[in-house]
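Raw contents of start.cif, mmCIF, C-alpha atoms (C1' of nucleotides):
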```
data_target
#
loop_
_atom_site.label_atom_id
_atom_site.label_comp_id
_atom_site.auth_asym_id
_atom_site.auth_seq_id
_atom_site.Cartn_x
_atom_site.Cartn_y
_atom_site.Cartn_z
CA MET A 22 -69.90 -28.46 47.69
CA ASN A 23 -73.24 -26.75 47.45
CA ASN A 24 -74.42 -26.76 43.88
CA GLY A 25 -77.74 -25.14 44.67
CA PRO A 26 -81.15 -26.59 44.05
CA ILE A 27 -81.15 -29.69 41.93
CA ILE A 28 -82.99 -29.08 38.69
CA HIS A 29 -85.24 -32.04 38.07
CA THR A 30 -88.35 -30.89 36.32
CA LYS A 31 -88.72 -29.52 32.83
CA GLU A 32 -90.22 -26.31 34.20
CA ALA A 33 -87.40 -25.65 36.66
CA CYS A 34 -84.95 -26.40 33.88
CA ASN A 35 -86.57 -23.97 31.47
CA ALA A 36 -86.72 -21.27 34.13
CA ALA A 37 -83.04 -21.84 34.85
CA VAL A 38 -82.14 -21.70 31.16
CA ASN A 39 -83.97 -18.40 30.81
CA ALA A 40 -82.41 -16.87 33.91
CA VAL A 41 -78.90 -17.83 32.83
CA ARG A 42 -79.67 -16.54 29.35
CA ASP A 43 -80.66 -13.17 30.82
CA THR A 44 -77.45 -12.96 32.80
CA LEU A 45 -75.34 -13.87 29.81
CA TYR A 46 -77.12 -11.21 27.80
CA VAL A 47 -76.23 -8.48 30.28
CA VAL A 48 -72.60 -9.39 30.97
CA ASN A 49 -71.74 -10.59 27.48
CA GLY A 50 -68.43 -9.98 25.80
CA LYS A 51 -64.82 -10.04 26.82
CA TRP A 52 -64.69 -6.87 28.86
CA LYS A 53 -67.68 -5.97 31.04
CA LEU A 54 -66.98 -8.29 33.96
CA LEU A 55 -63.28 -7.56 33.82
CA MET A 56 -64.00 -3.85 34.04
CA LEU A 57 -66.23 -4.36 37.06
CA VAL A 58 -63.47 -6.39 38.69
CA SER A 59 -60.93 -3.71 37.91
CA LEU A 60 -63.16 -1.07 39.48
CA MET A 61 -63.26 -3.06 42.73
CA THR A 62 -60.04 -1.39 43.86
CA GLY A 63 -61.73 1.99 43.61
CA PRO A 64 -62.91 4.62 41.14
CA LYS A 65 -60.76 4.99 38.07
CA ARG A 66 -60.22 7.38 35.20
CA PHE A 67 -60.46 6.46 31.55
CA LYS A 68 -56.75 6.12 30.92
CA GLU A 69 -56.25 4.22 34.15
CA LEU A 70 -58.75 1.62 33.05
CA GLN A 71 -57.18 1.46 29.64
CA ARG A 72 -53.77 0.79 31.17
CA GLU A 73 -55.09 -1.85 33.54
CA LEU A 74 -57.06 -3.74 30.92
CA GLU A 75 -54.13 -4.14 28.60
CA SER A 76 -54.97 -4.39 24.95
CA ILE A 77 -58.37 -2.73 25.14
CA THR A 78 -58.68 0.04 22.59
CA PRO A 79 -60.25 3.39 23.48
CA LYS A 80 -63.17 2.80 21.15
CA VAL A 81 -64.09 -0.47 22.78
CA LEU A 82 -63.50 0.85 26.28
CA SER A 83 -65.72 3.83 25.58
CA LYS A 84 -68.51 1.64 24.28
CA GLU A 85 -68.33 -0.82 27.14
CA LEU A 86 -68.36 2.00 29.67
CA ARG A 87 -71.50 3.39 28.06
CA ASP A 88 -73.15 -0.04 28.14
CA LEU A 89 -72.29 -0.53 31.79
CA GLU A 90 -73.61 2.92 32.64
CA LEU A 91 -76.87 2.31 30.77
CA ASN A 92 -77.34 -0.92 32.70
CA GLY A 93 -76.76 0.89 35.98
CA PHE A 94 -73.54 -0.88 36.91
CA ILE A 95 -71.27 2.14 36.95
CA LYS A 96 -71.54 5.86 37.54
CA ARG A 97 -69.69 8.43 35.44
CA THR A 98 -68.79 11.73 37.03
CA VAL A 99 -67.18 14.69 35.31
CA TYR A 100 -65.13 17.07 37.43
CA ASP A 101 -64.78 20.58 36.16
CA THR A 102 -61.03 20.79 36.38
CA THR A 103 -58.83 21.91 33.53
CA PRO A 104 -58.63 19.70 31.67
CA VAL A 105 -61.75 17.84 32.78
CA THR A 106 -61.38 14.78 34.96
CA VAL A 107 -63.78 11.92 34.38
CA ILE A 108 -64.07 9.15 36.91
CA TYR A 109 -65.94 5.89 36.75
CA GLU A 110 -67.07 3.96 39.78
CA ARG A 111 -69.19 0.93 40.57
CA THR A 112 -72.74 1.42 41.73
CA GLU A 113 -74.50 -0.53 44.43
CA TYR A 114 -76.23 -2.56 41.76
CA ALA A 115 -72.86 -3.71 40.48
CA ASP A 116 -72.30 -5.25 43.91
CA SER A 117 -75.24 -7.57 43.27
CA LEU A 118 -73.00 -9.31 40.71
CA GLY A 119 -70.46 -9.98 43.45
CA ASN A 120 -71.34 -13.63 43.90
CA VAL A 121 -71.33 -14.33 40.18
CA ILE A 122 -67.95 -12.71 39.74
CA ASN A 123 -66.53 -14.40 42.77
CA GLU A 124 -67.60 -17.86 41.63
CA MET A 125 -66.13 -17.19 38.21
CA ARG A 126 -62.90 -16.05 39.81
CA GLU A 127 -62.71 -19.18 41.95
CA TRP A 128 -63.59 -21.47 39.09
CA GLY A 129 -61.00 -19.84 36.85
CA MET A 130 -58.31 -20.48 39.44
CA LYS A 131 -59.37 -24.09 39.98
CA HIS A 132 -59.59 -24.64 36.24
CA ARG A 133 -56.04 -23.43 35.76
CA GLU A 134 -54.89 -25.97 38.36
CA HIS A 135 -56.97 -28.65 36.65
CA ILE A 136 -55.30 -27.96 33.30
CA LYS A 137 -51.85 -28.02 34.88
CA GLN A 138 -52.60 -31.33 36.57
CA MET A 139 -53.79 -32.81 33.32
CA SER A 140 -50.62 -31.89 31.47
CA ARG A 141 -48.57 -33.29 34.37
CA ASP A 142 -50.50 -36.57 34.11
CA GLU A 143 -49.90 -36.62 30.38
CA ALA A 144 -46.17 -36.15 30.86
CA GLU A 145 -46.16 -39.07 33.32
CA ALA A 146 -47.98 -41.23 30.83
CA ARG A 147 -45.45 -40.42 28.11
CA LYS A 148 -42.60 -41.25 30.42
CA ALA A 149 -44.16 -44.59 31.30
CA VAL A 150 -44.49 -45.46 27.63
CA ALA A 151 -40.90 -44.38 26.90
CA VAL A 152 -39.63 -46.78 29.57
CA MET B 3 -74.68 -11.10 51.31
CA ASN B 4 -71.22 -12.64 51.01
CA ASN B 5 -69.37 -11.08 48.17
CA GLY B 6 -66.23 -13.06 48.77
CA PRO B 7 -62.85 -11.66 49.58
CA ILE B 8 -62.58 -7.92 49.13
CA ILE B 9 -60.14 -7.11 46.39
CA HIS B 10 -57.93 -4.30 47.62
CA THR B 11 -54.49 -4.69 46.20
CA LYS B 12 -53.39 -4.35 42.63
CA GLU B 13 -52.02 -7.91 42.68
CA ALA B 14 -55.25 -9.47 43.95
CA CYS B 15 -57.13 -7.43 41.39
CA ASN B 16 -54.94 -8.60 38.52
CA ALA B 17 -55.20 -12.20 39.64
CA ALA B 18 -58.98 -11.84 39.79
CA VAL B 19 -59.10 -10.27 36.34
CA ASN B 20 -57.08 -13.14 34.92
CA ALA B 21 -59.15 -15.83 36.62
CA VAL B 22 -62.42 -14.33 35.41
CA ARG B 23 -60.92 -13.95 31.96
CA ASP B 24 -60.06 -17.65 31.92
CA THR B 25 -63.59 -18.60 32.92
CA LEU B 26 -65.11 -16.33 30.30
CA TYR B 27 -62.84 -17.89 27.71
CA VAL B 28 -64.06 -21.41 28.47
CA VAL B 29 -67.79 -20.74 28.75
CA ASN B 30 -67.97 -18.06 26.06
CA GLY B 31 -70.85 -17.72 23.65
CA LYS B 32 -74.59 -17.95 23.85
CA TRP B 33 -74.99 -21.65 24.23
CA LYS B 34 -72.47 -23.60 26.30
CA LEU B 35 -73.83 -22.79 29.74
CA LEU B 36 -77.41 -23.20 28.56
CA MET B 37 -76.58 -26.65 27.25
CA LEU B 38 -75.03 -27.64 30.55
CA VAL B 39 -78.15 -26.41 32.34
CA SER B 40 -80.34 -28.34 29.96
CA LEU B 41 -78.36 -31.51 30.59
CA MET B 42 -79.00 -31.19 34.32
CA THR B 43 -82.30 -33.04 33.94
CA GLY B 44 -80.44 -36.02 32.56
CA PRO B 45 -78.69 -37.33 29.45
CA LYS B 46 -80.18 -36.17 26.19
CA ARG B 47 -80.05 -36.99 22.51
CA PHE B 48 -79.10 -34.57 19.77
CA LYS B 49 -82.64 -33.80 18.65
CA GLU B 50 -83.84 -33.51 22.23
CA LEU B 51 -81.28 -30.81 22.92
CA GLN B 52 -82.17 -29.06 19.71
CA ARG B 53 -85.83 -28.99 20.68
CA GLU B 54 -85.11 -27.74 24.18
CA LEU B 55 -82.74 -24.98 23.12
CA GLU B 56 -85.20 -23.43 20.71
CA SER B 57 -83.63 -21.62 17.80
CA ILE B 58 -80.29 -23.37 17.88
CA THR B 59 -79.38 -24.73 14.47
CA PRO B 60 -77.90 -28.21 14.05
CA LYS B 61 -74.60 -26.80 12.85
CA VAL B 62 -74.13 -24.65 15.91
CA LEU B 63 -75.36 -27.35 18.27
CA SER B 64 -72.94 -29.82 16.75
CA LYS B 65 -70.01 -27.44 17.13
CA GLU B 66 -70.85 -26.50 20.71
CA LEU B 67 -71.21 -30.16 21.67
CA ARG B 68 -67.76 -30.83 20.25
CA ASP B 69 -66.31 -27.89 22.19
CA LEU B 70 -67.89 -29.04 25.42
CA GLU B 71 -66.62 -32.56 24.88
CA LEU B 72 -63.09 -31.35 24.17
CA ASN B 73 -63.15 -29.34 27.39
CA GLY B 74 -64.30 -32.38 29.33
CA PHE B 75 -67.71 -31.05 30.30
CA ILE B 76 -69.80 -33.66 28.53
CA LYS B 77 -69.51 -37.26 27.45
CA ARG B 78 -70.77 -38.54 24.12
CA THR B 79 -71.85 -42.16 23.86
CA VAL B 80 -72.96 -43.97 20.74
CA TYR B 81 -75.28 -46.95 21.15
CA ASP B 82 -75.24 -49.52 18.43
CA THR B 83 -78.95 -49.62 17.79
CA THR B 84 -80.50 -49.19 14.36
CA PRO B 85 -80.40 -46.37 13.68
CA VAL B 86 -77.63 -45.41 16.06
CA THR B 87 -78.56 -43.62 19.26
CA VAL B 88 -76.21 -40.90 20.47
CA ILE B 89 -76.53 -39.55 23.97
CA TYR B 90 -74.82 -36.65 25.64
CA GLU B 91 -74.38 -36.33 29.37
CA ARG B 92 -72.60 -34.08 31.84
CA THR B 93 -69.32 -35.23 33.33
CA GLU B 94 -68.22 -34.77 36.91
CA TYR B 95 -66.08 -31.85 35.82
CA ALA B 96 -69.19 -30.08 34.55
CA ASP B 97 -70.48 -30.22 38.12
CA SER B 98 -67.60 -28.00 39.17
CA LEU B 99 -69.34 -25.20 37.28
CA GLY B 100 -72.41 -25.71 39.49
CA ASN B 101 -71.81 -22.68 41.67
CA VAL B 102 -71.12 -20.39 38.74
CA ILE B 103 -74.27 -21.49 36.97
CA ASN B 104 -76.33 -21.27 40.10
CA GLU B 105 -75.22 -17.73 40.87
CA MET B 106 -75.95 -16.71 37.30
CA ARG B 107 -79.37 -18.29 37.53
CA GLU B 108 -80.15 -16.47 40.76
CA TRP B 109 -78.83 -13.18 39.49
CA GLY B 110 -80.84 -13.49 36.27
CA MET B 111 -84.02 -13.96 38.28
CA LYS B 112 -83.28 -11.03 40.58
CA HIS B 113 -82.34 -8.87 37.61
CA ARG B 114 -85.65 -9.56 35.95
CA GLU B 115 -87.42 -8.42 39.11
CA HIS B 116 -85.18 -5.36 39.24
CA ILE B 117 -86.12 -4.39 35.68
CA LYS B 118 -89.80 -4.89 36.39
CA GLN B 119 -89.58 -2.74 39.50
CA MET B 120 -87.83 0.01 37.56
CA SER B 121 -90.51 0.14 34.89
CA ARG B 122 -93.18 0.19 37.62
CA ASP B 123 -91.39 3.14 39.25
CA GLU B 124 -91.24 4.88 35.90
CA ALA B 125 -94.96 4.42 35.34
CA GLU B 126 -95.63 5.92 38.78
CA ALA B 127 -93.44 8.88 37.93
CA ARG B 128 -95.31 9.47 34.67
CA LYS B 129 -98.64 9.31 36.48
CA ALA B 130 -97.44 11.84 39.05
CA VAL B 131 -96.44 14.23 36.29
CA ALA B 132 -99.73 13.74 34.45
CA VAL B 133 -101.66 14.72 37.61
"C1'" DG C 25 -42.48 26.14 19.01
"C1'" DA C 26 -42.54 21.04 19.65
"C1'" DT C 27 -44.19 17.58 22.28
"C1'" DA C 28 -47.23 15.22 25.62
"C1'" DC C 29 -51.35 14.39 28.34
"C1'" DT C 30 -56.64 13.61 28.77
"C1'" DA C 31 -60.88 11.72 27.22
"C1'" DC C 32 -62.46 10.55 23.86
"C1'" DT C 33 -64.62 10.13 18.52
"C1'" DA C 34 -64.26 8.70 13.61
"C1'" DT C 35 -63.20 5.63 10.06
"C1'" DC C 36 -61.95 1.49 8.35
"C1'" DC C 37 -61.25 -3.33 8.56
"C1'" DT C 38 -60.93 -8.38 9.98
"C1'" DA C 39 -62.31 -12.44 12.23
"C1'" DA C 40 -65.50 -15.01 14.42
"C1'" DA C 41 -70.04 -16.20 15.88
"C1'" DG C 42 -74.03 -17.61 14.55
"C1'" DG C 43 -78.11 -18.34 11.40
"C1'" DA C 44 -80.65 -20.24 6.92
"C1'" DT C 45 -81.17 -23.74 4.04
"C1'" DA C 46 -80.35 -27.90 1.95
"C1'" DC C 47 -78.86 -32.38 2.08
"C1'" DC C 48 -77.01 -37.26 3.42
"C1'" DG C 49 -77.66 -42.50 4.43
"C1'" DG C 50 -80.27 -45.46 6.93
"C1'" DT C 51 -84.60 -47.04 8.96
"C1'" DA C 52 -89.38 -47.20 9.96
"C1'" DT C 53 -94.00 -46.08 9.19
"C1'" DC C 54 -98.19 -45.15 6.53
"C1'" DG D 30 -93.94 -45.04 -3.09
"C1'" DA D 31 -94.20 -40.92 0.10
"C1'" DT D 32 -93.18 -39.25 4.25
"C1'" DA D 33 -90.82 -38.82 8.70
"C1'" DC D 34 -87.20 -39.56 12.18
"C1'" DC D 35 -82.19 -39.58 13.52
"C1'" DG D 36 -77.60 -37.44 13.83
"C1'" DG D 37 -75.51 -34.92 11.86
"C1'" DT D 38 -72.56 -32.12 7.25
"C1'" DA D 39 -72.00 -28.73 3.71
"C1'" DT D 40 -72.49 -24.32 1.89
"C1'" DC D 41 -73.49 -19.78 2.07
"C1'" DC D 42 -74.54 -15.55 4.27
"C1'" DT D 43 -75.24 -11.74 7.84
"C1'" DT D 44 -74.25 -9.69 12.02
"C1'" DT D 45 -71.42 -8.43 15.61
"C1'" DA D 46 -67.40 -7.94 18.27
"C1'" DG D 47 -63.50 -6.09 18.43
"C1'" DG D 48 -58.99 -4.21 16.71
"C1'" DA D 49 -55.86 -0.62 14.12
"C1'" DT D 50 -55.02 3.83 13.25
"C1'" DA D 51 -55.67 8.59 13.17
"C1'" DG D 52 -57.41 12.73 14.89
"C1'" DT D 53 -59.77 16.27 18.15
"C1'" DA D 54 -59.73 20.47 21.63
"C1'" DG D 55 -57.65 22.21 25.34
"C1'" DT D 56 -53.97 22.63 28.44
"C1'" DA D 57 -49.28 22.06 30.24
"C1'" DT D 58 -44.56 21.20 29.93
"C1'" DC D 59 -39.89 21.49 28.01
#
```

Would you mind writing the file's structure down as structure tokens?
Amino acid sequence: MNNGPIIHTKEACNAAVNAVRDTLYVVNGKWKLLMLVSLMTGPKRFKELQRELESITPKVLSKELRDLELNGFIKRTVYDTTPVTVIYERTEYADSLGNVINEMREWGMKHREHIKQMSRDEAEARKAVAV
Amino acid sequence: MNNGPIIHTKEACNAAVNAVRDTLYVVNGKWKLLMLVSLMTGPKRFKELQRELESITPKVLSKELRDLELNGFIKRTVYDTTPVTVIYERTEYADSLGNVINEMREWGMKHREHIKQMSRDEAEARKAVAV
DNA sequence: GATACTACTATCCTAAAGGATACCGGTATC
DNA sequence: GATACCGGTATCCTTTAGGATAGTAGTATC
């Protein structure tokens, strides 16, 4: 596995801490990354997003969409139909987060396996004691 | 740039959303990832960590250390000196987050450049208007 | 005429994260 | 005897995230 450059020195470490801090600051919260993932399958309307991200309330969705737009991750377009249609889509800059999201997706899957394995091991241990 | 598998279908998208959600759940908050980065340069004591992560209070540091230990990301060892010495170090499982952290580090650096470039562009635009 | 859809906004509220400050016992140092 | 270091706790407080609920204007549908 490639874990990237090894961080030895205090300076490299501080630079890394700051860079990760910046990233965390931009993608903070429960929803932003999930919304960007959800928009990977194509542009979506407000209600579509709300249905896909179960349990998000319109207020929160609205705010997160505004944040993402301000940061240049999504584009909001209003179509002059009746009633108006509003669609949200990822920008090119959102694609730059692709690697981050992908690593988080992979880690999440591996972590779930890890947890499962641990509870299997625990069950084995209990059985051994019972015998 | 390799952005990983393209997420087309609704199923793949939902799986991705859930995996990213899991990851976010584990590494949530301002501090956990920064602490793991900081521990990359080697095992550290409580006060050392507090000094390196400027502005973290002992209460918060203590709680985050406990969380990280419970999740198996760090190991806490007490040495029976007088007064006691307590050291914290990353476990092997923490290494599995290497790719995630590294991508976040790289993105944070690129993002900073991106912001700088945007404000440079803006300054140019203002100058053009002024002339 | 009642109801439903869209894309939200407004108001209110709770829970959790995180910070400020003080303090503890024990040791060592000045 | 005063001060400082270590590895934290305890207590209190503020800020923020996020959720619940209701409502809006303008169709469109039954």

Both chains have the same sequence, so match all Cα atoms in order, fit chain B onto chain A by least squares, and return it as a PDB file with C-alpha atoms, in the coordinates of the input.
```
ATOM      1  CA  MET B   3     -69.914 -28.408  47.694  1.00  0.00           C
ATOM      2  CA  ASN B   4     -73.315 -26.736  47.434  1.00  0.00           C
ATOM      3  CA  ASN B   5     -74.490 -26.775  43.892  1.00  0.00           C
ATOM      4  CA  GLY B   6     -77.777 -25.126  44.677  1.00  0.00           C
ATOM      5  CA  PRO B   7     -81.180 -26.580  44.089  1.00  0.00           C
ATOM      6  CA  ILE B   8     -81.177 -29.709  41.973  1.00  0.00           C
ATOM      7  CA  ILE B   9     -82.984 -29.094  38.736  1.00  0.00           C
ATOM      8  CA  HIS B  10     -85.257 -32.051  38.117  1.00  0.00           C
ATOM      9  CA  THR B  11     -88.363 -30.907  36.369  1.00  0.00           C
ATOM     10  CA  LYS B  12     -88.716 -29.565  32.885  1.00  0.00           C
ATOM     11  CA  GLU B  13     -90.237 -26.342  34.246  1.00  0.00           C
ATOM     12  CA  ALA B  14     -87.400 -25.667  36.691  1.00  0.00           C
ATOM     13  CA  CYS B  15     -84.956 -26.434  33.920  1.00  0.00           C
ATOM     14  CA  ASN B  16     -86.587 -24.005  31.503  1.00  0.00           C
ATOM     15  CA  ALA B  17     -86.726 -21.300  34.140  1.00  0.00           C
ATOM     16  CA  ALA B  18     -83.038 -21.866  34.859  1.00  0.00           C
ATOM     17  CA  VAL B  19     -82.162 -21.734  31.172  1.00  0.00           C
ATOM     18  CA  ASN B  20     -83.995 -18.441  30.814  1.00  0.00           C
ATOM     19  CA  ALA B  21     -82.433 -16.893  33.909  1.00  0.00           C
ATOM     20  CA  VAL B  22     -78.921 -17.847  32.832  1.00  0.00           C
ATOM     21  CA  ARG B  23     -79.687 -16.575  29.354  1.00  0.00           C
ATOM     22  CA  ASP B  24     -80.698 -13.211  30.801  1.00  0.00           C
ATOM     23  CA  THR B  25     -77.485 -12.974  32.798  1.00  0.00           C
ATOM     24  CA  LEU B  26     -75.370 -13.904  29.799  1.00  0.00           C
ATOM     25  CA  TYR B  27     -77.153 -11.247  27.786  1.00  0.00           C
ATOM     26  CA  VAL B  28     -76.277  -8.498  30.263  1.00  0.00           C
ATOM     27  CA  VAL B  29     -72.649  -9.397  30.947  1.00  0.00           C
ATOM     28  CA  ASN B  30     -71.812 -10.598  27.439  1.00  0.00           C
ATOM     29  CA  GLY B  31     -68.499  -9.961  25.756  1.00  0.00           C
ATOM     30  CA  LYS B  32     -64.888 -10.020  26.775  1.00  0.00           C
ATOM     31  CA  TRP B  33     -64.748  -6.903  28.838  1.00  0.00           C
ATOM     32  CA  LYS B  34     -67.718  -5.967  31.015  1.00  0.00           C
ATOM     33  CA  LEU B  35     -67.030  -8.290  33.924  1.00  0.00           C
ATOM     34  CA  LEU B  36     -63.311  -7.565  33.788  1.00  0.00           C
ATOM     35  CA  MET B  37     -64.028  -3.858  34.021  1.00  0.00           C
ATOM     36  CA  LEU B  38     -66.247  -4.375  37.035  1.00  0.00           C
ATOM     37  CA  VAL B  39     -63.488  -6.419  38.666  1.00  0.00           C
ATOM     38  CA  SER B  40     -60.965  -3.735  37.885  1.00  0.00           C
ATOM     39  CA  LEU B  41     -63.179  -1.091  39.458  1.00  0.00           C
ATOM     40  CA  MET B  42     -63.276  -3.072  42.696  1.00  0.00           C
ATOM     41  CA  THR B  43     -60.058  -1.404  43.845  1.00  0.00           C
ATOM     42  CA  GLY B  44     -61.748   1.962  43.603  1.00  0.00           C
ATOM     43  CA  PRO B  45     -62.907   4.603  41.127  1.00  0.00           C
ATOM     44  CA  LYS B  46     -60.747   4.953  38.060  1.00  0.00           C
ATOM     45  CA  ARG B  47     -60.185   7.335  35.190  1.00  0.00           C
ATOM     46  CA  PHE B  48     -60.457   6.441  31.530  1.00  0.00           C
ATOM     47  CA  LYS B  49     -56.732   6.087  30.911  1.00  0.00           C
ATOM     48  CA  GLU B  50     -56.253   4.173  34.143  1.00  0.00           C
ATOM     49  CA  LEU B  51     -58.767   1.572  33.032  1.00  0.00           C
ATOM     50  CA  GLN B  52     -57.176   1.400  29.626  1.00  0.00           C
ATOM     51  CA  ARG B  53     -53.782   0.733  31.167  1.00  0.00           C
ATOM     52  CA  GLU B  54     -55.121  -1.913  33.520  1.00  0.00           C
ATOM     53  CA  LEU B  55     -57.100  -3.795  30.893  1.00  0.00           C
ATOM     54  CA  GLU B  56     -54.140  -4.219  28.586  1.00  0.00           C
ATOM     55  CA  SER B  57     -55.014  -4.463  24.927  1.00  0.00           C
ATOM     56  CA  ILE B  58     -58.383  -2.778  25.116  1.00  0.00           C
ATOM     57  CA  THR B  59     -58.663   0.002  22.568  1.00  0.00           C
ATOM     58  CA  PRO B  60     -60.195   3.369  23.461  1.00  0.00           C
ATOM     59  CA  LYS B  61     -63.121   2.799  21.130  1.00  0.00           C
ATOM     60  CA  VAL B  62     -64.085  -0.466  22.747  1.00  0.00           C
ATOM     61  CA  LEU B  63     -63.477   0.835  26.256  1.00  0.00           C
ATOM     62  CA  SER B  64     -65.663   3.834  25.552  1.00  0.00           C
ATOM     63  CA  LYS B  65     -68.493   1.675  24.240  1.00  0.00           C
ATOM     64  CA  GLU B  66     -68.335  -0.803  27.111  1.00  0.00           C
ATOM     65  CA  LEU B  67     -68.347   2.022  29.654  1.00  0.00           C
ATOM     66  CA  ARG B  68     -71.475   3.416  28.030  1.00  0.00           C
ATOM     67  CA  ASP B  69     -73.139  -0.009  28.122  1.00  0.00           C
ATOM     68  CA  LEU B  70     -72.287  -0.498  31.768  1.00  0.00           C
ATOM     69  CA  GLU B  71     -73.591   2.948  32.616  1.00  0.00           C
ATOM     70  CA  LEU B  72     -76.849   2.349  30.756  1.00  0.00           C
ATOM     71  CA  ASN B  73     -77.332  -0.888  32.680  1.00  0.00           C
ATOM     72  CA  GLY B  74     -76.736   0.908  35.959  1.00  0.00           C
ATOM     73  CA  PHE B  75     -73.526  -0.873  36.887  1.00  0.00           C
ATOM     74  CA  ILE B  76     -71.254   2.152  36.923  1.00  0.00           C
ATOM     75  CA  LYS B  77     -71.495   5.864  37.530  1.00  0.00           C
ATOM     76  CA  ARG B  78     -69.663   8.436  35.446  1.00  0.00           C
ATOM     77  CA  THR B  79     -68.727  11.736  37.050  1.00  0.00           C
ATOM     78  CA  VAL B  80     -67.108  14.694  35.356  1.00  0.00           C
ATOM     79  CA  TYR B  81     -65.060  17.065  37.504  1.00  0.00           C
ATOM     80  CA  ASP B  82     -64.683  20.578  36.270  1.00  0.00           C
ATOM     81  CA  THR B  83     -60.928  20.779  36.492  1.00  0.00           C
ATOM     82  CA  THR B  84     -58.711  21.854  33.615  1.00  0.00           C
ATOM     83  CA  PRO B  85     -58.540  19.643  31.743  1.00  0.00           C
ATOM     84  CA  VAL B  86     -61.677  17.852  32.841  1.00  0.00           C
ATOM     85  CA  THR B  87     -61.316  14.780  35.019  1.00  0.00           C
ATOM     86  CA  VAL B  88     -63.726  11.920  34.394  1.00  0.00           C
ATOM     87  CA  ILE B  89     -64.042   9.135  36.908  1.00  0.00           C
ATOM     88  CA  TYR B  90     -65.909   5.878  36.732  1.00  0.00           C
ATOM     89  CA  GLU B  91     -67.063   3.947  39.756  1.00  0.00           C
ATOM     90  CA  ARG B  92     -69.188   0.917  40.554  1.00  0.00           C
ATOM     91  CA  THR B  93     -72.749   1.433  41.717  1.00  0.00           C
ATOM     92  CA  GLU B  94     -74.514  -0.525  44.417  1.00  0.00           C
ATOM     93  CA  TYR B  95     -76.254  -2.547  41.738  1.00  0.00           C
ATOM     94  CA  ALA B  96     -72.873  -3.707  40.456  1.00  0.00           C
ATOM     95  CA  ASP B  97     -72.324  -5.237  43.889  1.00  0.00           C
ATOM     96  CA  SER B  98     -75.246  -7.554  43.243  1.00  0.00           C
ATOM     97  CA  LEU B  99     -73.034  -9.294  40.689  1.00  0.00           C
ATOM     98  CA  GLY B 100     -70.491  -9.969  43.454  1.00  0.00           C
ATOM     99  CA  ASN B 101     -71.366 -13.621  43.884  1.00  0.00           C
ATOM    100  CA  VAL B 102     -71.352 -14.327  40.168  1.00  0.00           C
ATOM    101  CA  ILE B 103     -67.970 -12.701  39.740  1.00  0.00           C
ATOM    102  CA  ASN B 104     -66.562 -14.392  42.781  1.00  0.00           C
ATOM    103  CA  GLU B 105     -67.633 -17.847  41.652  1.00  0.00           C
ATOM    104  CA  MET B 106     -66.162 -17.198  38.227  1.00  0.00           C
ATOM    105  CA  ARG B 107     -62.935 -16.050  39.811  1.00  0.00           C
ATOM    106  CA  GLU B 108     -62.725 -19.155  41.971  1.00  0.00           C
ATOM    107  CA  TRP B 109     -63.608 -21.465  39.132  1.00  0.00           C
ATOM    108  CA  GLY B 110     -61.017 -19.845  36.860  1.00  0.00           C
ATOM    109  CA  MET B 111     -58.325 -20.471  39.454  1.00  0.00           C
ATOM    110  CA  LYS B 112     -59.365 -24.082  40.006  1.00  0.00           C
ATOM    111  CA  HIS B 113     -59.594 -24.641  36.264  1.00  0.00           C
ATOM    112  CA  ARG B 114     -56.058 -23.439  35.780  1.00  0.00           C
ATOM    113  CA  GLU B 115     -54.897 -25.951  38.379  1.00  0.00           C
ATOM    114  CA  HIS B 116     -56.969 -28.639  36.682  1.00  0.00           C
ATOM    115  CA  ILE B 117     -55.298 -27.960  33.329  1.00  0.00           C
ATOM    116  CA  LYS B 118     -51.859 -28.003  34.902  1.00  0.00           C
ATOM    117  CA  GLN B 119     -52.588 -31.302  36.612  1.00  0.00           C
ATOM    118  CA  MET B 120     -53.786 -32.811  33.344  1.00  0.00           C
ATOM    119  CA  SER B 121     -50.627 -31.860  31.488  1.00  0.00           C
ATOM    120  CA  ARG B 122     -48.552 -33.249  34.377  1.00  0.00           C
ATOM    121  CA  ASP B 123     -50.487 -36.529  34.127  1.00  0.00           C
ATOM    122  CA  GLU B 124     -49.887 -36.581  30.398  1.00  0.00           C
ATOM    123  CA  ALA B 125     -46.156 -36.094  30.852  1.00  0.00           C
ATOM    124  CA  GLU B 126     -46.110 -39.002  33.317  1.00  0.00           C
ATOM    125  CA  ALA B 127     -47.945 -41.165  30.819  1.00  0.00           C
ATOM    126  CA  ARG B 128     -45.440 -40.324  28.082  1.00  0.00           C
ATOM    127  CA  LYS B 129     -42.546 -41.145  30.393  1.00  0.00           C
ATOM    128  CA  ALA B 130     -44.109 -44.497  31.268  1.00  0.00           C
ATOM    129  CA  VAL B 131     -44.428 -45.353  27.594  1.00  0.00           C
ATOM    130  CA  ALA B 132     -40.865 -44.248  26.860  1.00  0.00           C
ATOM    131  CA  VAL B 133     -39.555 -46.625  29.563  1.00  0.00           C
TER     132      VAL B 133
END
```

Nearest residue to DC35 (chain D) from the set B:Trp109, B:Phe75, B:Tyr81, B:Phe48 (distances using all atoms listed in the file)
B:Phe48

May I ask you to extract the residues of chain D within 12 Å of chain B, using all atoms listed in the file, and to give them as an MDAnalysis selection string?
chainID D and resid 34:40 46

Near Val48 (chain A), counting all atoms listed in the file, which residues have an atom at most 12 Å away, once you skip same-chain residues fewer than 3 positions from it, shown as a PyMOL selection string?
(chain A and resi 41-45+51-57+85+88-89+92+94+115+118+121-122) or (chain B and resi 26+30-32+106+109-110+113)

Shell around DA44 (chain C) at 9 Å using all atoms listed in the file, local window under 2 positions removed, as a PyMOL selection string:
(chain B and resi 59) or (chain D and resi 41-42)

Would you please work out which residue, of B:Glu105, B:Glu115, B:Glu71, B:Glu13, is nearest to Thr62 (chain A) when using only C-alpha atoms?
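Ranked by minimum distance to Thr62 (chain A), first place goes to B:Glu13.
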